[in-house]
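Remarks on the structure that follows.
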Amino acid sequence: MDIDIMTGPNDWVETAALARATEEAGFSGLLFTETSQVPWMQIAIASQAAERLFFTTGIAVAFPRSPMVTAATAYELVGNTGGRFRLGLGSQVKAHITRRYGVEFDRPAARLRDYVLAVKACFRAFEQTEKLAYDGEFYQLSLLPRDWSPRPHGHEMKVDISAVGPLMTRVAGEVADGVHVHPLHSMAYIENRLLPLLAEGATSAGRSADDIDLMIPVFTVTGDTAEDKARQASAAKRQIGFYGTTPNYAFQFDDLGFDGTTGRLREAMKAGDLDAMEAVITDEMLDNYAVVAEWDDLADRLIDRYRDRAARIVLYSAAAGLRGDGADGGTDRTAGRWAEVARAVRAAS
């Protein structure tokens with residue numbers, strides 16, 4: 001089980017510094033989200049600053065880009081990092097796709113399935129193992145002159161997708177190499193919903209679910225003092241609450257008996273009351289959706305919870321501790337603590 005750090009928008013100097021700090025601390029890699037900044041240039045910069053780190057997108061938004069553009073970008077990153085990159089794609093939500101990006105959002109699960117297959121067809125054409133001749137429901141690709149095709153590099157190309165609900169999870173089982181699990185998850189969700197649905201999709205495609213990797217972001221709450229722990233607990237509860245306002249995620253609470261949580265969160269959000277949103281998330285909920293532990297116990301708790309399930313765990317908020325920027329109370333002391341956690345998790349794997 002690898003252990004990565006999640007990061008979002010940074011300038012190139014910050015990205016290089018974080019990559020060096022992540023590598024020095026003994027982490028496996030960096031996962032780049034796509035919100036206000038595309039991930040590709042950051043990954044290129046990070047790969048030059050840290051020559052041992054592995055990089056993932058978790059996730060890059062698929063539909064605004066053609067499969068060919070996405071495949072070519074990913075192929076170039078894999079080639080230039082010597083195989084230290086794997087592509088993670090997601091659908092995003094309808095409002096962003098139609099109103100921010102200005103493209104269609106029709107049957108997203110079926111569309112993403114077709115998109116992944118089209119990207120993989122591009123990879124095979126780039127490797128010159130077959131001619132580009134993809135004829136899918138949404139995407140048709142049939143022209144790749146030699147002068148427009150990347151130089152083959154021979155590295156393995158993997159495509160992962162984000163999945164929460166049943167349709168997208170079955171699609172992941174059918175066509176993806178891995179799944180980016182949502183940060184709002186419990187182990188009950190993984191065991192009782194995600195894995196059975198993945199197995200259904202894999203079986204329908206003649207695949208084994210054992211060959212599908214799980215990349216799992218993890219909220220952590222730890223600290224040397226009561227104040228440290230309270231600050232991290234507050235941040236985790238607010239993030240859980242923010243994700244929990246999504247109606248499609250209501251089952252995450254209902255399955256554990258926390259009925260009505262999403263409704264209460266949405267009421268607080270509409271009122272603009274962040275404190276009320278945080279208060280909805282109880283300590284019992286926090287224990288289900290985050291790993292709460294003392295520093296000395298944190299690595300063991302991560303290992304016990306995820307070792308038999310995750311190919312990669314991704315620490316949601318550790319980047320600030322490595323940078324020492326104060327975003328979560330980060331200092332040089334917490335950078336050292338995170339290094340201990342990273343090395344213990346990797347040693348146990």
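Chain identifiers are assigned as A, B, and so on, following the order in which chains appear in the structure tokens; residues are numbered from 1 within each chain, and ligands are numbered from 1 in order of appearance.
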If you run DSSP on this backbone, which residues of stretch 242-304 of chain A come out as helix (DSSP H, G or I), and could you give them as number ranges by chain? A: 242-244, 247-254, 261-270, 274-280, 283-289, 295-304
Next, the residues of the selection above should be written as a PDB file, in the first residue's frame with C-alpha atoms.
```
ATOM      1  CA  PHE A 242     -19.580  20.215   2.731  1.00  0.00           C
ATOM      2  CA  TYR A 243     -19.439  16.917   0.842  1.00  0.00           C
ATOM      3  CA  GLY A 244     -22.459  15.676   2.749  1.00  0.00           C
ATOM      4  CA  PRO A 247     -28.168  14.710  -2.123  1.00  0.00           C
ATOM      5  CA  ASN A 248     -26.660  11.765  -4.003  1.00  0.00           C
ATOM      6  CA  TYR A 249     -24.349  11.124  -1.050  1.00  0.00           C
ATOM      7  CA  ALA A 250     -27.133  10.955   1.558  1.00  0.00           C
ATOM      8  CA  PHE A 251     -26.855   7.169   1.669  1.00  0.00           C
ATOM      9  CA  GLN A 252     -23.362   7.507   3.151  1.00  0.00           C
ATOM     10  CA  PHE A 253     -25.025   8.766   6.335  1.00  0.00           C
ATOM     11  CA  ASP A 254     -28.258   6.782   6.136  1.00  0.00           C
ATOM     12  CA  THR A 261     -27.987  14.287   8.039  1.00  0.00           C
ATOM     13  CA  THR A 262     -27.880  15.544   4.468  1.00  0.00           C
ATOM     14  CA  GLY A 263     -31.092  17.499   4.940  1.00  0.00           C
ATOM     15  CA  ARG A 264     -29.758  19.200   8.059  1.00  0.00           C
ATOM     16  CA  LEU A 265     -26.498  20.011   6.324  1.00  0.00           C
ATOM     17  CA  ARG A 266     -28.292  21.526   3.358  1.00  0.00           C
ATOM     18  CA  GLU A 267     -30.411  23.707   5.622  1.00  0.00           C
ATOM     19  CA  ALA A 268     -27.294  25.004   7.380  1.00  0.00           C
ATOM     20  CA  MET A 269     -25.546  25.599   4.070  1.00  0.00           C
ATOM     21  CA  LYS A 270     -28.490  27.560   2.668  1.00  0.00           C
ATOM     22  CA  LEU A 274     -20.692  26.989   8.685  1.00  0.00           C
ATOM     23  CA  ASP A 275     -20.671  26.492  12.433  1.00  0.00           C
ATOM     24  CA  ALA A 276     -24.054  24.797  12.230  1.00  0.00           C
ATOM     25  CA  MET A 277     -22.797  22.556   9.413  1.00  0.00           C
ATOM     26  CA  GLU A 278     -19.853  21.518  11.551  1.00  0.00           C
ATOM     27  CA  ALA A 279     -22.134  20.840  14.517  1.00  0.00           C
ATOM     28  CA  VAL A 280     -24.219  18.407  12.449  1.00  0.00           C
ATOM     29  CA  ASP A 283     -17.749  12.793  16.923  1.00  0.00           C
ATOM     30  CA  GLU A 284     -19.323   9.406  16.168  1.00  0.00           C
ATOM     31  CA  MET A 285     -19.686  10.381  12.524  1.00  0.00           C
ATOM     32  CA  LEU A 286     -16.119  11.663  12.470  1.00  0.00           C
ATOM     33  CA  ASP A 287     -14.843   8.280  13.662  1.00  0.00           C
ATOM     34  CA  ASN A 288     -16.560   6.623  10.691  1.00  0.00           C
ATOM     35  CA  TYR A 289     -15.424   9.063   8.004  1.00  0.00           C
ATOM     36  CA  TRP A 295       0.513  10.625  16.283  1.00  0.00           C
ATOM     37  CA  ASP A 296       2.134   7.434  17.568  1.00  0.00           C
ATOM     38  CA  ASP A 297      -0.921   5.378  16.620  1.00  0.00           C
ATOM     39  CA  LEU A 298      -1.822   7.014  13.312  1.00  0.00           C
ATOM     40  CA  ALA A 299       0.236   4.782  11.013  1.00  0.00           C
ATOM     41  CA  ASP A 300      -1.104   1.624  12.664  1.00  0.00           C
ATOM     42  CA  ARG A 301      -4.672   2.885  12.354  1.00  0.00           C
ATOM     43  CA  LEU A 302      -4.187   3.645   8.657  1.00  0.00           C
ATOM     44  CA  ILE A 303      -2.634   0.244   8.062  1.00  0.00           C
ATOM     45  CA  ASP A 304      -5.356  -1.612   9.965  1.00  0.00           C
TER      46      ASP A 304
END
```
Excluding A:Tyr139 and its own-chain neighbours fewer than 5 positions away, which residues fall within 10 Å of it when counting only C-alpha atoms? Please give them as a ChimeraX atom specification. /A:66-68,111,114-115,117-119,134
From the list A:Arg307, A:Tyr101, A:Val175, A:Gly257, the nearest residue to A:Ala347 using only C-alpha atoms is A:Arg307
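A straight line drawn from atom CA of A:Phe85 to atom CA of A:Ala348 is 23.2 Å long.
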So that I can check the surroundings of A:Asn10, please list as a PyMOL selection string every protein, DNA and RNA residue that reaches within 10 Å of it, counting only C-alpha atoms and ignoring chain neighbours fewer than 6 positions away. chain A and resi 16+18+36-37+39+42
Selection to disk with N, CA and C atoms, as a JSON list (two decimals), in the first residue's frame:
```
[["chain", "number", "residue", "atom", "x", "y", "z"],
["A", 16, "ALA", "N", 7.09, 22.67, -6.84],
["A", 16, "ALA", "CA", 8.41, 22.04, -6.75],
["A", 16, "ALA", "C", 8.83, 21.85, -5.30],
["A", 18, "LEU", "N", 6.87, 21.56, -2.64],
["A", 18, "LEU", "CA", 6.06, 20.51, -2.03],
["A", 18, "LEU", "C", 6.51, 19.13, -2.50],
["A", 36, "SER", "N", -9.42, 24.91, -9.62],
["A", 36, "SER", "CA", -9.18, 26.19, -10.29],
["A", 36, "SER", "C", -7.93, 26.16, -11.17],
["A", 37, "GLN", "N", -7.29, 25.02, -11.26],
["A", 37, "GLN", "CA", -6.03, 24.92, -12.00],
["A", 37, "GLN", "C", -5.92, 23.53, -12.60],
["A", 39, "PRO", "N", -4.00, 20.16, -13.82],
["A", 39, "PRO", "CA", -2.91, 19.50, -13.10],
["A", 39, "PRO", "C", -1.64, 19.26, -13.91],
["A", 42, "GLN", "N", 1.70, 21.29, -13.31],
["A", 42, "GLN", "CA", 2.20, 21.04, -11.96],
["A", 42, "GLN", "C", 2.90, 19.69, -11.87]]
```
Where in stretch 32-187 of chain A does DSSP assign strand (DSSP E or B), given as a VMD selection string? chain A and resid 32 54 to 57 60 to 61 85 to 90 134 to 135 140 to 141 159 to 162 178 to 180
Leaving out stretch 143-160 of chain A and any residue of its chain fewer than 2 positions from it, which residues lie within 8 Å of it when counting only C-alpha atoms, given as a list in words? Ala72, Tyr75, Glu76, Val78, Gly79, Gly82, Gly83, Arg86, Leu87, Gly88, Leu89, Val116, Lys120, Phe123, Ala125, Phe126, Glu127, Gln128, Leu132, Ala133, Leu141, Ser162, Ala172, Ala176, Asp177, Gly178, Val179 and His180 of chain A
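Closest approach to A:Ala311 from the set A:Arg124, A:Arg337, A:Arg52, A:Arg346 is made by A:Arg346, with distances taken over only C-alpha atoms.
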One-decimal distance in Å that lies between atom CA of A:Leu53 and atom CA of A:Asp213: 18.3 Å
Close residues, A:Phe219 itself excluded, 9 Å, only C-alpha atoms, min 5 positions apart in chain, as an MDAnalysis selection string: chainID A and resid 183:184 236 240 289:292 314:317
Filtering to N, CA and C atoms, could you give me those residues as a short mmCIF file (atom, residue, chain, number, x, y, z; two decimals), in the first residue's frame?
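That gives us result_34.cif:
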```cif
data_model
loop_
_atom_site.label_atom_id
_atom_site.label_comp_id
_atom_site.auth_asym_id
_atom_site.auth_seq_id
_atom_site.Cartn_x
_atom_site.Cartn_y
_atom_site.Cartn_z
N PRO A 183 -13.62 11.03 -0.91
CA PRO A 183 -13.15 11.27 0.45
C PRO A 183 -14.21 11.01 1.51
N LEU A 184 -15.49 11.27 1.19
CA LEU A 184 -16.57 10.97 2.11
C LEU A 184 -16.93 9.49 1.97
N ALA A 236 -11.93 18.79 9.54
CA ALA A 236 -12.45 17.56 8.94
C ALA A 236 -13.97 17.55 8.96
N ILE A 240 -16.31 17.23 5.67
CA ILE A 240 -17.30 16.16 5.59
C ILE A 240 -18.69 16.74 5.41
N TYR A 289 -15.85 8.46 9.28
CA TYR A 289 -15.42 9.06 8.00
C TYR A 289 -14.00 9.61 8.04
N ALA A 290 -13.32 9.49 9.16
CA ALA A 290 -11.93 9.95 9.29
C ALA A 290 -11.18 8.98 10.18
N VAL A 291 -9.86 9.06 10.12
CA VAL A 291 -9.01 8.29 11.04
C VAL A 291 -8.56 9.24 12.14
N VAL A 292 -9.06 9.00 13.33
CA VAL A 292 -8.78 9.85 14.49
C VAL A 292 -7.82 9.08 15.40
N VAL A 314 -4.39 8.31 0.28
CA VAL A 314 -4.01 9.68 -0.05
C VAL A 314 -4.42 10.57 1.12
N LEU A 315 -3.44 11.13 1.80
CA LEU A 315 -3.74 11.96 2.97
C LEU A 315 -4.30 13.30 2.51
N TYR A 316 -5.48 13.61 3.01
CA TYR A 316 -6.25 14.74 2.50
C TYR A 316 -5.65 16.08 2.89
N SER A 317 -5.06 16.16 4.08
CA SER A 317 -4.66 17.48 4.59
C SER A 317 -3.22 17.55 5.09
#
```
List the neighbours of A:Trp40 out to 12 Å using only C-alpha atoms; skip same-chain residues closer than 6 positions along the sequence, and give me the result as a PDB file with C-alpha atoms, in the first residue's frame.
```
ATOM      1  CA  GLY A   8      -4.564  21.373  -5.223  1.00  0.00           C
ATOM      2  CA  PRO A   9      -3.727  24.657  -6.942  1.00  0.00           C
ATOM      3  CA  ASN A  10      -0.149  25.893  -6.438  1.00  0.00           C
ATOM      4  CA  TRP A  12       5.215  26.207  -9.969  1.00  0.00           C
ATOM      5  CA  THR A  15       4.699  22.789  -6.473  1.00  0.00           C
ATOM      6  CA  LEU A  31      -2.140  13.311  -6.130  1.00  0.00           C
ATOM      7  CA  PHE A  32      -3.233  16.427  -8.018  1.00  0.00           C
ATOM      8  CA  THR A  33      -6.838  17.586  -8.023  1.00  0.00           C
ATOM      9  CA  GLU A  34      -8.386  19.750 -10.727  1.00  0.00           C
ATOM     10  CA  ALA A  46       6.948  18.154  -9.633  1.00  0.00           C
ATOM     11  CA  SER A  47       8.479  15.305 -11.618  1.00  0.00           C
ATOM     12  CA  PHE A  55       1.979  11.103  -9.653  1.00  0.00           C
ATOM     13  CA  THR A  56      -1.744  10.731 -10.147  1.00  0.00           C
ATOM     14  CA  THR A  57      -4.649  12.945 -11.117  1.00  0.00           C
ATOM     15  CA  GLY A  58      -7.501  12.574  -8.704  1.00  0.00           C
ATOM     16  CA  ILE A  59      -9.258  13.567 -10.779  1.00  0.00           C
ATOM     17  CA  ALA A  60      -8.827  15.317 -14.111  1.00  0.00           C
ATOM     18  CA  VAL A  61     -12.152  16.382 -15.599  1.00  0.00           C
ATOM     19  CA  VAL A  69      -6.180  15.350 -26.066  1.00  0.00           C
ATOM     20  CA  THR A  70      -6.363  13.644 -22.669  1.00  0.00           C
ATOM     21  CA  ALA A  72      -1.807  12.516 -25.574  1.00  0.00           C
ATOM     22  CA  THR A  73      -1.207  14.572 -22.432  1.00  0.00           C
ATOM     23  CA  ALA A  74      -1.167  11.525 -20.178  1.00  0.00           C
ATOM     24  CA  TYR A  75       1.041   9.582 -22.583  1.00  0.00           C
ATOM     25  CA  GLU A  76       3.589  12.396 -22.591  1.00  0.00           C
ATOM     26  CA  LEU A  77       3.616  12.543 -18.795  1.00  0.00           C
ATOM     27  CA  VAL A  78       4.122   8.794 -18.487  1.00  0.00           C
ATOM     28  CA  PHE A  85       2.154   8.658 -13.654  1.00  0.00           C
ATOM     29  CA  ARG A  86      -1.316   7.181 -13.912  1.00  0.00           C
ATOM     30  CA  LEU A  87      -4.356   8.977 -15.246  1.00  0.00           C
ATOM     31  CA  GLY A  88      -7.397   9.493 -13.045  1.00  0.00           C
TER      32      GLY A  88
END
```
Gap from atom CA of A:Ala344 to atom CA of A:Gly223 - Å, one decimal: 17.2 Å
